[in-house]
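This is run.cif. It holds mmCIF, C-alpha atoms.
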```cif
data_protein
loop_
_atom_site.label_atom_id
_atom_site.label_comp_id
_atom_site.auth_asym_id
_atom_site.auth_seq_id
_atom_site.Cartn_x
_atom_site.Cartn_y
_atom_site.Cartn_z
CA MET K 1 10.55 -10.30 -37.14
CA SER K 2 14.14 -10.01 -38.32
CA VAL K 3 16.98 -11.80 -36.60
CA PRO K 4 20.59 -10.72 -35.97
CA HIS K 5 23.07 -11.42 -38.74
CA PHE K 6 25.63 -14.10 -37.94
CA ASN K 7 28.87 -14.29 -39.89
CA VAL K 8 29.89 -17.94 -40.21
CA ALA K 9 33.23 -17.09 -41.80
CA GLN K 10 34.12 -14.82 -38.89
CA ALA K 11 33.10 -17.45 -36.32
CA LYS K 12 35.25 -19.97 -38.12
CA HIS K 13 38.36 -18.05 -37.08
CA THR K 14 37.28 -16.81 -33.65
CA VAL K 15 35.86 -19.99 -32.05
CA LYS K 16 38.75 -21.78 -30.33
CA LEU K 17 37.34 -24.07 -27.66
CA ASP K 18 33.81 -25.41 -27.69
CA ARG K 19 31.96 -24.91 -24.40
CA GLY K 20 31.23 -28.62 -24.36
CA ILE K 21 34.88 -29.42 -23.59
CA PRO K 22 35.08 -27.53 -20.25
CA ALA K 23 31.59 -28.87 -19.45
CA ALA K 24 32.78 -32.47 -19.97
CA MET K 25 35.96 -31.88 -17.97
CA GLY K 26 34.00 -30.11 -15.25
CA ALA K 27 31.68 -33.12 -15.05
CA ALA K 28 34.70 -35.43 -14.74
CA VAL K 29 36.29 -33.29 -12.00
CA LEU K 30 33.09 -33.03 -9.93
CA PHE K 31 32.42 -36.75 -10.24
CA GLY K 32 36.05 -37.72 -9.71
CA VAL K 33 36.40 -35.91 -6.37
CA SER K 34 33.38 -37.82 -5.05
CA THR K 35 35.40 -41.03 -4.58
CA PRO K 36 37.95 -39.80 -2.00
CA LEU K 37 35.34 -37.57 -0.35
CA ALA K 38 32.82 -40.42 -0.08
CA LYS K 39 35.39 -42.92 1.21
CA PRO K 40 34.91 -41.95 4.92
CA LEU K 41 31.20 -42.78 4.55
CA LEU K 42 31.85 -46.31 3.27
CA GLY K 43 32.66 -47.57 6.75
CA ASP K 44 29.01 -47.21 7.79
CA VAL K 45 27.16 -47.36 4.46
CA PRO K 46 27.22 -50.26 1.92
CA PRO K 47 28.41 -49.19 -1.58
CA LEU K 48 25.07 -49.56 -3.39
CA LEU K 49 23.13 -47.75 -0.65
CA LEU K 50 25.72 -44.96 -0.68
CA ALA K 51 25.38 -44.66 -4.47
CA GLY K 52 21.61 -44.42 -4.02
CA LEU K 53 21.93 -41.67 -1.42
CA LEU K 54 24.35 -39.77 -3.67
CA TYR K 55 21.99 -39.98 -6.66
CA ALA K 56 18.93 -39.13 -4.55
CA GLY K 57 20.77 -36.12 -3.14
CA SER K 58 21.55 -35.00 -6.66
CA GLY K 59 17.92 -35.30 -7.75
CA ILE K 60 16.56 -33.51 -4.68
CA GLY K 61 19.14 -30.72 -4.90
CA LEU K 62 18.47 -30.14 -8.60
CA SER K 63 14.72 -30.15 -7.89
CA VAL K 64 15.29 -27.22 -5.54
CA LEU K 65 17.33 -25.36 -8.18
CA LEU K 66 14.67 -25.99 -10.81
CA GLY K 67 12.02 -24.66 -8.43
CA ILE K 68 14.04 -21.51 -7.89
CA ARG K 69 14.50 -21.10 -11.64
CA VAL K 70 10.78 -21.43 -12.30
CA ALA K 71 9.91 -19.05 -9.45
CA THR K 72 12.35 -16.37 -10.64
CA GLY K 73 11.81 -16.90 -14.38
CA GLY K 74 15.53 -17.36 -14.95
CA ARG K 75 17.16 -18.53 -18.19
CA GLY K 76 14.06 -19.20 -20.23
CA ALA K 77 11.38 -21.85 -19.91
CA ILE K 78 12.21 -25.47 -19.18
CA THR K 79 11.89 -27.58 -22.33
CA TRP K 80 10.24 -30.89 -21.46
CA PRO K 81 10.83 -34.03 -23.54
CA ARG K 82 7.79 -34.81 -25.69
CA GLY K 83 6.80 -37.54 -28.10
CA ALA K 84 9.61 -39.95 -28.97
CA ASP K 85 11.97 -38.08 -26.64
CA VAL K 86 10.00 -39.35 -23.64
CA GLY K 87 10.82 -42.90 -24.73
CA TRP K 88 14.52 -42.11 -25.15
CA LEU K 89 14.67 -40.59 -21.64
CA ALA K 90 12.71 -43.48 -20.11
CA GLY K 91 15.07 -45.96 -21.75
CA ALA K 92 18.11 -44.07 -20.46
CA ILE K 93 16.71 -43.99 -16.92
CA ALA K 94 15.80 -47.69 -16.99
CA ALA K 95 19.23 -48.74 -18.30
CA GLY K 96 21.37 -46.46 -16.15
CA GLY K 97 19.18 -46.06 -13.08
CA ALA K 98 17.83 -49.57 -12.58
CA VAL K 99 19.56 -52.25 -14.71
CA GLY K 100 23.10 -50.89 -14.24
CA PRO K 101 23.05 -50.68 -10.41
CA TYR K 102 21.35 -54.09 -10.15
CA LEU K 103 23.97 -55.83 -12.32
CA LEU K 104 26.76 -54.06 -10.42
CA MET K 105 25.33 -55.31 -7.11
CA VAL K 106 25.15 -58.88 -8.46
CA GLY K 107 28.69 -58.68 -9.83
CA LEU K 108 30.23 -57.25 -6.66
CA GLN K 109 28.98 -60.25 -4.69
CA ALA K 110 31.37 -62.51 -6.63
CA THR K 111 34.16 -60.06 -7.53
CA ASP K 112 36.61 -58.15 -5.33
CA ALA K 113 36.60 -54.35 -5.44
CA ALA K 114 40.00 -54.00 -7.17
CA SER K 115 38.99 -56.33 -10.00
CA ALA K 116 35.63 -54.57 -10.29
CA SER K 117 37.36 -51.20 -10.75
CA LEU K 118 39.36 -52.70 -13.62
CA ILE K 119 36.26 -54.08 -15.33
CA LEU K 120 34.42 -50.75 -14.92
CA ASN K 121 36.77 -49.22 -17.52
CA LEU K 122 34.57 -51.00 -20.06
CA GLU K 123 31.91 -48.29 -19.69
CA GLY K 124 33.97 -45.83 -21.73
CA VAL K 125 34.75 -48.48 -24.34
CA PHE K 126 31.12 -49.58 -24.68
CA THR K 127 29.93 -45.96 -24.80
CA ALA K 128 32.24 -45.13 -27.69
CA LEU K 129 31.55 -48.35 -29.62
CA LEU K 130 27.79 -47.88 -29.37
CA ALA K 131 28.06 -44.22 -30.38
CA TRP K 132 30.27 -45.01 -33.38
CA PHE K 133 28.71 -48.18 -34.74
CA ALA K 134 25.11 -48.28 -33.47
CA PHE K 135 24.27 -44.55 -33.45
CA LYS K 136 26.59 -43.67 -36.39
CA GLU K 137 28.48 -40.87 -34.63
CA ASN K 138 31.43 -39.60 -36.66
CA PHE K 139 34.98 -40.47 -35.60
CA ASP K 140 38.39 -40.76 -37.19
CA ARG K 141 41.69 -42.43 -36.31
CA ARG K 142 42.77 -39.47 -34.19
CA ILE K 143 39.66 -39.64 -31.99
CA ALA K 144 39.83 -43.44 -31.75
CA LEU K 145 43.51 -43.27 -30.74
CA GLY K 146 42.77 -40.58 -28.16
CA MET K 147 39.99 -42.70 -26.69
CA ALA K 148 42.37 -45.69 -26.59
CA PHE K 149 44.99 -43.67 -24.67
CA ILE K 150 42.42 -42.45 -22.13
CA VAL K 151 41.03 -45.95 -21.58
CA ALA K 152 44.59 -47.33 -21.29
CA GLY K 153 45.25 -44.76 -18.58
CA GLY K 154 42.17 -45.93 -16.72
CA VAL K 155 43.26 -49.55 -17.03
CA ALA K 156 46.75 -48.70 -15.77
CA LEU K 157 45.21 -46.88 -12.82
CA SER K 158 43.19 -49.89 -11.70
CA ALA K 159 45.12 -52.91 -13.01
CA ALA K 160 47.72 -53.31 -10.27
CA PRO K 161 46.01 -56.36 -8.69
CA ALA K 162 45.33 -59.38 -10.88
CA LEU K 163 41.73 -60.08 -11.81
CA ARG K 164 40.18 -62.15 -9.03
CA ALA K 165 36.66 -63.50 -9.08
CA GLU K 166 34.63 -66.57 -8.21
CA GLY K 167 34.02 -67.72 -11.78
CA TRP K 168 32.87 -65.54 -14.68
CA ALA K 169 29.37 -64.67 -13.48
CA GLY K 170 30.53 -61.70 -11.38
CA PRO K 171 32.77 -60.07 -14.01
CA LEU K 172 30.13 -60.62 -16.70
CA ALA K 173 27.49 -58.95 -14.51
CA ILE K 174 29.77 -55.93 -13.98
CA ALA K 175 30.48 -55.81 -17.71
CA GLY K 176 26.70 -55.90 -18.23
CA ALA K 177 26.38 -52.91 -15.87
CA CYS K 178 28.94 -51.05 -18.00
CA LEU K 179 26.92 -51.85 -21.12
CA ALA K 180 23.74 -50.59 -19.40
CA TRP K 181 25.43 -47.30 -18.52
CA ALA K 182 26.81 -47.03 -22.05
CA ILE K 183 23.25 -47.40 -23.39
CA ASP K 184 22.16 -44.78 -20.87
CA ASN K 185 24.81 -42.35 -22.16
CA ASN K 186 23.82 -42.82 -25.79
CA LEU K 187 20.08 -42.55 -25.16
CA THR K 188 20.60 -39.44 -23.01
CA ARG K 189 22.37 -37.84 -25.97
CA LYS K 190 19.10 -38.21 -27.92
CA VAL K 191 17.35 -35.84 -25.47
CA SER K 192 20.31 -33.60 -24.63
CA LEU K 193 18.80 -30.57 -26.39
CA HIS K 194 16.24 -30.37 -23.60
CA ASP K 195 16.96 -28.74 -20.26
CA ALA K 196 20.13 -30.34 -18.85
CA MET K 197 19.19 -29.66 -15.24
CA PHE K 198 15.75 -31.24 -15.69
CA ILE K 199 17.20 -34.36 -17.32
CA ALA K 200 19.84 -34.71 -14.59
CA CYS K 201 17.19 -34.17 -11.90
CA VAL K 202 14.87 -36.91 -13.20
CA LYS K 203 17.75 -39.35 -13.67
CA GLY K 204 19.07 -38.62 -10.18
CA LEU K 205 15.72 -39.14 -8.51
CA VAL K 206 14.95 -42.41 -10.31
CA ALA K 207 18.47 -43.86 -10.05
CA GLY K 208 18.76 -42.77 -6.43
CA PHE K 209 15.56 -44.23 -5.08
CA ALA K 210 15.89 -47.37 -7.24
CA SER K 211 19.37 -48.00 -5.83
CA ILE K 212 18.22 -47.32 -2.27
CA ALA K 213 15.33 -49.76 -2.67
CA LEU K 214 17.65 -52.37 -4.16
CA ALA K 215 20.20 -51.97 -1.36
CA LEU K 216 17.52 -52.25 1.32
CA ALA K 217 16.18 -55.37 -0.39
CA TYR K 218 19.66 -56.90 -0.10
CA GLY K 219 19.67 -56.25 3.65
CA ALA K 220 21.27 -52.82 4.01
CA ARG K 221 20.12 -50.43 6.74
CA MET K 222 19.73 -46.68 6.43
CA PRO K 223 22.65 -44.83 8.10
CA ALA K 224 22.42 -42.10 10.73
CA VAL K 225 20.83 -38.79 9.75
CA THR K 226 24.20 -37.01 9.70
CA ALA K 227 25.73 -39.51 7.27
CA THR K 228 22.60 -39.40 5.10
CA LEU K 229 22.75 -35.60 4.86
CA GLN K 230 26.48 -35.66 4.11
CA ALA K 231 25.93 -38.17 1.31
CA GLY K 232 23.04 -36.14 -0.10
CA LEU K 233 25.06 -32.91 -0.16
CA LEU K 234 28.03 -34.61 -1.78
CA GLY K 235 25.67 -36.21 -4.30
CA PHE K 236 24.16 -32.85 -5.23
CA VAL K 237 27.58 -31.41 -6.07
CA SER K 238 29.48 -34.42 -7.42
CA TYR K 239 26.57 -36.25 -9.07
CA GLY K 240 23.83 -33.69 -9.75
CA LEU K 241 25.87 -30.74 -11.02
CA SER K 242 28.26 -33.18 -12.72
CA LEU K 243 25.41 -34.91 -14.58
CA ALA K 244 23.95 -31.57 -15.70
CA LEU K 245 27.36 -30.61 -17.16
CA PHE K 246 27.59 -34.07 -18.73
CA VAL K 247 24.29 -33.53 -20.57
CA VAL K 248 25.50 -30.12 -21.81
CA ALA K 249 28.66 -31.81 -23.12
CA LEU K 250 26.60 -34.55 -24.83
CA ARG K 251 24.63 -31.84 -26.60
CA ARG K 252 27.73 -30.09 -27.91
CA LEU K 253 30.35 -32.84 -28.39
CA GLY K 254 28.44 -36.05 -29.00
CA THR K 255 28.52 -39.18 -26.88
CA ALA K 256 31.94 -40.72 -27.55
CA ARG K 257 33.94 -37.52 -27.08
CA THR K 258 32.03 -36.66 -23.91
CA GLY K 259 32.57 -40.18 -22.60
CA ALA K 260 36.29 -39.90 -23.31
CA TYR K 261 36.68 -36.68 -21.30
CA PHE K 262 34.51 -38.11 -18.52
CA SER K 263 36.80 -41.15 -18.32
CA LEU K 264 39.29 -38.80 -16.64
CA ALA K 265 37.20 -38.96 -13.46
CA PRO K 266 39.09 -41.87 -11.81
CA PHE K 267 42.39 -40.06 -12.37
CA VAL K 268 40.97 -36.88 -10.83
CA GLY K 269 39.90 -38.88 -7.77
CA ALA K 270 43.31 -40.54 -7.48
CA ALA K 271 45.09 -37.18 -7.83
CA LEU K 272 42.92 -35.66 -5.09
CA ALA K 273 43.72 -38.65 -2.87
CA VAL K 274 47.43 -37.82 -3.32
CA VAL K 275 46.73 -34.22 -2.32
CA LEU K 276 44.94 -35.52 0.78
CA GLY K 277 47.95 -37.62 1.79
CA ALA K 278 48.02 -40.79 -0.31
CA PRO K 279 51.43 -41.74 -1.83
CA LEU K 280 52.29 -40.71 -5.39
CA THR K 281 52.90 -43.92 -7.34
CA ALA K 282 54.50 -44.70 -10.67
CA THR K 283 51.16 -46.18 -11.77
CA LEU K 284 49.44 -42.82 -11.24
CA VAL K 285 52.15 -41.01 -13.23
CA VAL K 286 51.88 -43.47 -16.14
CA ALA K 287 48.08 -43.21 -16.12
CA GLY K 288 48.32 -39.42 -16.12
CA LEU K 289 50.68 -39.39 -19.11
CA LEU K 290 48.48 -41.77 -21.11
CA MET K 291 45.34 -39.75 -20.36
CA ALA K 292 47.11 -36.47 -21.13
CA ALA K 293 48.11 -37.83 -24.56
CA GLY K 294 44.51 -38.86 -25.23
CA VAL K 295 43.10 -35.49 -24.15
CA TRP K 296 45.65 -33.68 -26.34
CA LEU K 297 44.56 -35.71 -29.38
CA HIS K 298 40.93 -34.76 -28.70
CA LEU K 299 41.62 -31.09 -27.95
CA THR K 300 43.58 -30.65 -31.18
CA GLU K 301 40.91 -32.27 -33.36
CA ARG K 302 39.72 -30.17 -36.30
CA HIS K 303 36.82 -31.59 -38.27
CA GLU K 304 35.61 -29.41 -41.13
CA HIS K 305 33.90 -30.16 -44.44
CA LEU K 306 30.91 -29.14 -46.54
CA HIS K 307 27.85 -30.69 -44.92
CA HIS K 308 24.07 -30.63 -45.37
CA HIS K 309 21.51 -29.88 -42.65
CA LEU K 310 18.12 -31.55 -43.11
CA PRO K 311 14.95 -29.61 -42.21
CA VAL K 312 13.89 -30.20 -38.60
CA GLU K 313 11.53 -28.63 -36.09
CA HIS K 314 12.16 -28.73 -32.34
CA ALA K 315 12.38 -26.63 -29.17
CA HIS K 316 15.44 -25.92 -27.04
CA LEU K 317 17.41 -23.06 -25.48
CA HIS K 318 19.36 -21.32 -28.26
CA THR K 319 20.86 -18.11 -29.59
CA HIS K 320 20.67 -16.84 -33.17
CA ASP K 321 23.89 -18.42 -34.37
CA ALA K 322 24.65 -19.83 -37.82
CA HIS K 323 22.17 -22.66 -37.30
CA HIS K 324 19.32 -20.58 -35.89
CA GLN K 325 18.55 -17.90 -38.45
CA HIS K 326 14.78 -18.13 -38.06
CA ARG K 327 11.96 -15.64 -37.61
CA HIS K 328 9.59 -15.41 -34.66
CA ASP K 329 5.84 -15.73 -35.08
CA ALA K 330 5.19 -14.46 -31.54
CA ALA K 331 6.52 -11.36 -29.84
CA TRP K 332 10.19 -11.59 -28.84
CA ASP K 333 11.98 -9.10 -26.61
CA GLY K 334 15.36 -9.69 -28.23
CA SER K 335 16.89 -11.54 -25.28
CA ASP K 336 19.33 -14.41 -25.81
CA PRO K 337 19.41 -17.27 -25.09
CA HIS K 338 15.70 -18.03 -25.33
CA THR K 339 13.42 -21.04 -25.84
CA HIS K 340 10.61 -21.65 -28.34
CA ARG K 341 9.66 -24.15 -31.01
CA HIS K 342 11.46 -23.30 -34.24
CA ALA K 343 12.15 -24.78 -37.67
CA HIS K 344 15.53 -25.33 -39.30
CA GLU K 345 15.55 -24.84 -43.06
CA PRO K 346 17.81 -27.00 -45.26
CA LEU K 347 21.34 -25.58 -45.14
CA ASP K 348 24.68 -26.36 -46.79
CA HIS K 349 27.87 -24.86 -45.38
CA ALA K 350 31.33 -25.72 -44.09
CA HIS K 351 32.87 -24.91 -40.70
CA PRO K 352 34.66 -26.74 -37.86
CA HIS K 353 32.16 -28.81 -35.89
CA TYR K 354 31.63 -31.76 -33.55
CA PRO K 355 28.91 -34.45 -33.87
CA ASP K 356 26.62 -32.31 -31.72
CA ALA K 357 22.83 -32.21 -31.77
CA HIS K 358 22.82 -30.23 -35.04
CA HIS K 359 25.55 -32.19 -36.83
CA ARG K 360 24.43 -35.81 -36.99
CA HIS K 361 25.00 -36.01 -40.73
CA PRO K 362 26.56 -38.88 -42.71
CA HIS K 363 30.13 -38.65 -44.04
#
```
What is this structure when it is put down as structure tokens?
Amino acid sequence: MSVPHFNVAQAKHTVKLDRGIPAAMGAAVLFGVSTPLAKPLLGDVPPLLLAGLLYAGSGIGLSVLLGIRVATGGRGAITWPRGADVGWLAGAIAAGGAVGPYLLMVGLQATDAASASLILNLEGVFTALLAWFAFKENFDRRIALGMAFIVAGGVALSAAPALRAEGWAGPLAIAGACLAWAIDNNLTRKVSLHDAMFIACVKGLVAGFASIALALAYGARMPAVTATLQAGLLGFVSYGLSLALFVVALRRLGTARTGAYFSLAPFVGAALAVVLGAPLTATLVVAGLLMAAGVWLHLTERHEHLHHHLPVEHAHLHTHDAHHQHRHDAAWDGSDPHTHRHAHEPLDHAHPHYPDAHHRHPH
């Protein structure tokens, strides 16, 4: 069966903003607003238990949406991780859903909250370093400088108090949690071609119930039903939908760039707190300017060169763009986007691109 013709040269001039960028920023906004909105719940719920309820709410809410999708046949079939992808997803869930929360809990016992928020900026740094040097994701000085500005904004936002801790064990444990979440981000990128909602749902369920079990083991008690439902609903919006958008951004932008945009989340939360009545401080203004400079460097990136696509066979939701000029062995009704297993032939061409799932080539 023939496929629609796609003009790469025309797309080169018409594509302005990759959909991964608003997805990454949307993920940061949804996650960022969770902090001021969850603050009223912290009086009755310990931090780790609240995080577990938020993640569990995200997983349960996305399970409902997936059920509705399957029942109505919307947006193609769900692509399930298979083979090696199952291992990548399991590793991501173990690192981010179990190891990360456990190390954070250990670290918080010997570190005050203000110092912990400063150390947590390491997640973005570790995510980028792993993506660039362990997983060989492309970057240049412009992207590295933009990431540095965004991280500097996060440090400025949380560095007002001096670092206080009872020895180095607490800070090292929190840094270990950041490394675990950075590993989670990079391993999730390996399976990001699969259904974003399914991946976010599984991660939410595992991380949520693991964190709840860990909090209960440390002596926490389940809150009242009303507080539990409020946390679950907030988790569905600010964690579940945010994580699904994060996976979409990983697919289209790569790990480091997605992590950079997502690092805006603390600033979004602080800005919302100002809207809700908190004072506007010079620290917030400086952080905003630094982050704005970093985002501008990333938004104005243009990476284009002649590159080679190796042959590969996989299944994911796609349209017949420049990288999907294949035929269909089975009947196809012409609808886009659609899902089926397909093969990519070797291809050499040049166009602006990010280190997305189809552009993991050497430079």
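Atom CA of Asp195 of chain K is found 14.8 Å from atom CA of Gly20 of chain K.
Considering all atoms listed in the file, the residue among K:Ile212, K:Ala207, K:Ala128, K:Leu157 positioned nearest to Leu145 of chain K is K:Ala128.
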Near segment 241-247 of chain K, 10 Å: segment 177-225 of chain K residue rows, closest pairs, all atoms listed in the file, as CSV:
```
residue,atom,partner,partner_atom,distance
K:Asn185,CA,K:Val247,CA,9.0
K:Thr188,CA,K:Val247,CA,7.4
K:Arg189,CA,K:Val247,CA,7.2
K:Val191,CA,K:Val247,CA,8.8
K:Ser192,CA,K:Val247,CA,5.7
K:Leu193,CA,K:Val247,CA,8.5
K:His194,CA,K:Val247,CA,9.2
K:Asp195,CA,K:Val247,CA,8.8
K:Ala196,CA,K:Ala244,CA,5.1
K:Met197,CA,K:Ala244,CA,5.1
K:Phe198,CA,K:Ala244,CA,8.2
K:Ile199,CA,K:Ala244,CA,7.5
K:Ala200,CA,K:Ala244,CA,5.3
K:Cys201,CA,K:Ala244,CA,8.2
K:Lys203,CA,K:Leu243,CA,8.9
K:Gly204,CA,K:Leu243,CA,8.6
```
Grab the residues selected above and save them as a PDB file, in the coordinates of the input with C-alpha atoms.
```pdb
ATOM      1  CA  ASN K 185      24.810 -42.350 -22.160  1.00  0.00           C
ATOM      2  CA  THR K 188      20.600 -39.440 -23.010  1.00  0.00           C
ATOM      3  CA  ARG K 189      22.370 -37.840 -25.970  1.00  0.00           C
ATOM      4  CA  VAL K 191      17.350 -35.840 -25.470  1.00  0.00           C
ATOM      5  CA  SER K 192      20.310 -33.600 -24.630  1.00  0.00           C
ATOM      6  CA  LEU K 193      18.800 -30.570 -26.390  1.00  0.00           C
ATOM      7  CA  HIS K 194      16.240 -30.370 -23.600  1.00  0.00           C
ATOM      8  CA  ASP K 195      16.960 -28.740 -20.260  1.00  0.00           C
ATOM      9  CA  ALA K 196      20.130 -30.340 -18.850  1.00  0.00           C
ATOM     10  CA  MET K 197      19.190 -29.660 -15.240  1.00  0.00           C
ATOM     11  CA  PHE K 198      15.750 -31.240 -15.690  1.00  0.00           C
ATOM     12  CA  ILE K 199      17.200 -34.360 -17.320  1.00  0.00           C
ATOM     13  CA  ALA K 200      19.840 -34.710 -14.590  1.00  0.00           C
ATOM     14  CA  CYS K 201      17.190 -34.170 -11.900  1.00  0.00           C
ATOM     15  CA  LYS K 203      17.750 -39.350 -13.670  1.00  0.00           C
ATOM     16  CA  GLY K 204      19.070 -38.620 -10.180  1.00  0.00           C
TER      17      GLY K 204
END
```
With the cut-off set at 9 Å and counting all atoms listed in the file, tabulate each residue of segment 193-264 of chain K with an atom at most that distance from an atom of segment 48-56 of chain K, showing the nearest atom pair and its distance in Å to one decimal, ordered by chain and increasing number, as JSON lines.
```
{"residue": "K:Lys203", "atom": "CA", "partner": "K:Tyr55", "partner_atom": "CA", "distance": 8.2}
{"residue": "K:Gly204", "atom": "CA", "partner": "K:Tyr55", "partner_atom": "CA", "distance": 4.8}
{"residue": "K:Leu205", "atom": "CA", "partner": "K:Ala56", "partner_atom": "CA", "distance": 5.1}
{"residue": "K:Val206", "atom": "CA", "partner": "K:Ala56", "partner_atom": "CA", "distance": 7.7}
{"residue": "K:Ala207", "atom": "CA", "partner": "K:Tyr55", "partner_atom": "CA", "distance": 6.2}
{"residue": "K:Gly208", "atom": "CA", "partner": "K:Gly52", "partner_atom": "CA", "distance": 4.1}
{"residue": "K:Phe209", "atom": "CA", "partner": "K:Ala56", "partner_atom": "CA", "distance": 6.1}
{"residue": "K:Ala210", "atom": "CA", "partner": "K:Gly52", "partner_atom": "CA", "distance": 7.2}
{"residue": "K:Ser211", "atom": "CA", "partner": "K:Gly52", "partner_atom": "CA", "distance": 4.6}
{"residue": "K:Ile212", "atom": "CA", "partner": "K:Gly52", "partner_atom": "CA", "distance": 4.8}
{"residue": "K:Ala213", "atom": "CA", "partner": "K:Leu49", "partner_atom": "CA", "distance": 8.3}
{"residue": "K:Leu214", "atom": "CA", "partner": "K:Leu48", "partner_atom": "CA", "distance": 8.0}
{"residue": "K:Ala215", "atom": "CA", "partner": "K:Leu49", "partner_atom": "CA", "distance": 5.2}
{"residue": "K:Leu216", "atom": "CA", "partner": "K:Leu49", "partner_atom": "CA", "distance": 7.5}
{"residue": "K:Ala220", "atom": "CA", "partner": "K:Leu49", "partner_atom": "CA", "distance": 7.1}
{"residue": "K:Arg221", "atom": "CA", "partner": "K:Leu49", "partner_atom": "CA", "distance": 8.4}
{"residue": "K:Met222", "atom": "CA", "partner": "K:Leu49", "partner_atom": "CA", "distance": 7.9}
{"residue": "K:Thr228", "atom": "CA", "partner": "K:Leu53", "partner_atom": "CA", "distance": 6.9}
{"residue": "K:Leu229", "atom": "CA", "partner": "K:Leu53", "partner_atom": "CA", "distance": 8.8}
{"residue": "K:Ala231", "atom": "CA", "partner": "K:Leu54", "partner_atom": "CA", "distance": 5.5}
{"residue": "K:Gly232", "atom": "CA", "partner": "K:Leu54", "partner_atom": "CA", "distance": 5.3}
{"residue": "K:Leu233", "atom": "CA", "partner": "K:Leu54", "partner_atom": "CA", "distance": 7.7}
{"residue": "K:Leu234", "atom": "CA", "partner": "K:Leu54", "partner_atom": "CA", "distance": 6.6}
{"residue": "K:Gly235", "atom": "CA", "partner": "K:Leu54", "partner_atom": "CA", "distance": 3.8}
{"residue": "K:Phe236", "atom": "CA", "partner": "K:Leu54", "partner_atom": "CA", "distance": 7.1}
{"residue": "K:Ser238", "atom": "CA", "partner": "K:Leu54", "partner_atom": "CA", "distance": 8.3}
{"residue": "K:Tyr239", "atom": "CA", "partner": "K:Tyr55", "partner_atom": "CA", "distance": 6.4}
{"residue": "K:Gly240", "atom": "CA", "partner": "K:Tyr55", "partner_atom": "CA", "distance": 7.2}
```
Within 7 Å of (12.3, -23.5, -13.4) (file coordinates; only C-alpha atoms), which protein or nucleic acid residues are there? I'd like them as number ranges by chain. K: 66-71, 73, 77-78
Expressed in Å, the length from atom CA of Thr300 of chain K to atom CA of Gly146 of chain K is 10.4 Å
Skipping near chain neighbours, those fewer than 2 positions away, what residues fall within 9 Å of Ala28 of chain K using only C-alpha atoms, listed as a short mmCIF file (atom, residue, chain, number, x, y, z; two decimals) with C-alpha atoms, in the coordinates of the input?
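around22.cif was written with the following content:
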```
data_model
loop_
_atom_site.label_atom_id
_atom_site.label_comp_id
_atom_site.auth_asym_id
_atom_site.auth_seq_id
_atom_site.Cartn_x
_atom_site.Cartn_y
_atom_site.Cartn_z
CA ALA K 23 31.59 -28.87 -19.45
CA ALA K 24 32.78 -32.47 -19.97
CA MET K 25 35.96 -31.88 -17.97
CA GLY K 26 34.00 -30.11 -15.25
CA LEU K 30 33.09 -33.03 -9.93
CA PHE K 31 32.42 -36.75 -10.24
CA GLY K 32 36.05 -37.72 -9.71
CA VAL K 33 36.40 -35.91 -6.37
CA SER K 242 28.26 -33.18 -12.72
CA PHE K 246 27.59 -34.07 -18.73
CA TYR K 261 36.68 -36.68 -21.30
CA PHE K 262 34.51 -38.11 -18.52
CA SER K 263 36.80 -41.15 -18.32
CA LEU K 264 39.29 -38.80 -16.64
CA ALA K 265 37.20 -38.96 -13.46
CA PRO K 266 39.09 -41.87 -11.81
CA VAL K 268 40.97 -36.88 -10.83
#
```
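Counting only C-alpha atoms, the residue from K:Val248, K:Ala134, K:Ala256, K:Val237 that sits nearest to Val29 of chain K is K:Val237.
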Explicit residue set for the PyMOL selection byres ((chain K and resi 166-182) around 9), as a ChimeraX atom specification: /K:92,94-97,99-111,115-116,119-128,130-131,164-165,183-187,259
Pick from K:Thr72, K:Pro346, K:Leu253, K:Ala282 nearest to Asn138 of chain K, counting all atoms listed in the file: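 That would be K:Leu253, the residue with the smallest distance to Asn138 of chain K.
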Work out how far atom CA of Asp85 of chain K is from atom CA of Thr258 of chain K, in Å to one decimal.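 Value for the atom CA of Thr258 of chain K-atom CA of Asp85 of chain K distance: 20.3 Å.
Under the PyMOL selection byres ((chain K and resi 137) around 8), the matching residues in the shown file are Ala131, Trp132, Phe133, Phe135, Lys136, Asn138, Phe139, Gly254, Thr255, Ala256, Pro355 and Arg360 of chain K.
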So that I can check the surroundings of Ile150 of chain K, please list as a list of chain:residue names every protein, DNA and RNA residue that reaches within 6 Å of it, counting all atoms listed in the file and ignoring chain neighbours fewer than 2 positions away.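 The filter keeps K:Met147, K:Ala148, K:Ala152, K:Gly153, K:Met291, K:Gly294.
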Point out the residue among K:Val155, K:Leu284, K:Thr226, K:Lys190 with the least atom-to-atom distance to Ser117 of chain K, counting all atoms listed in the file. K:Val155
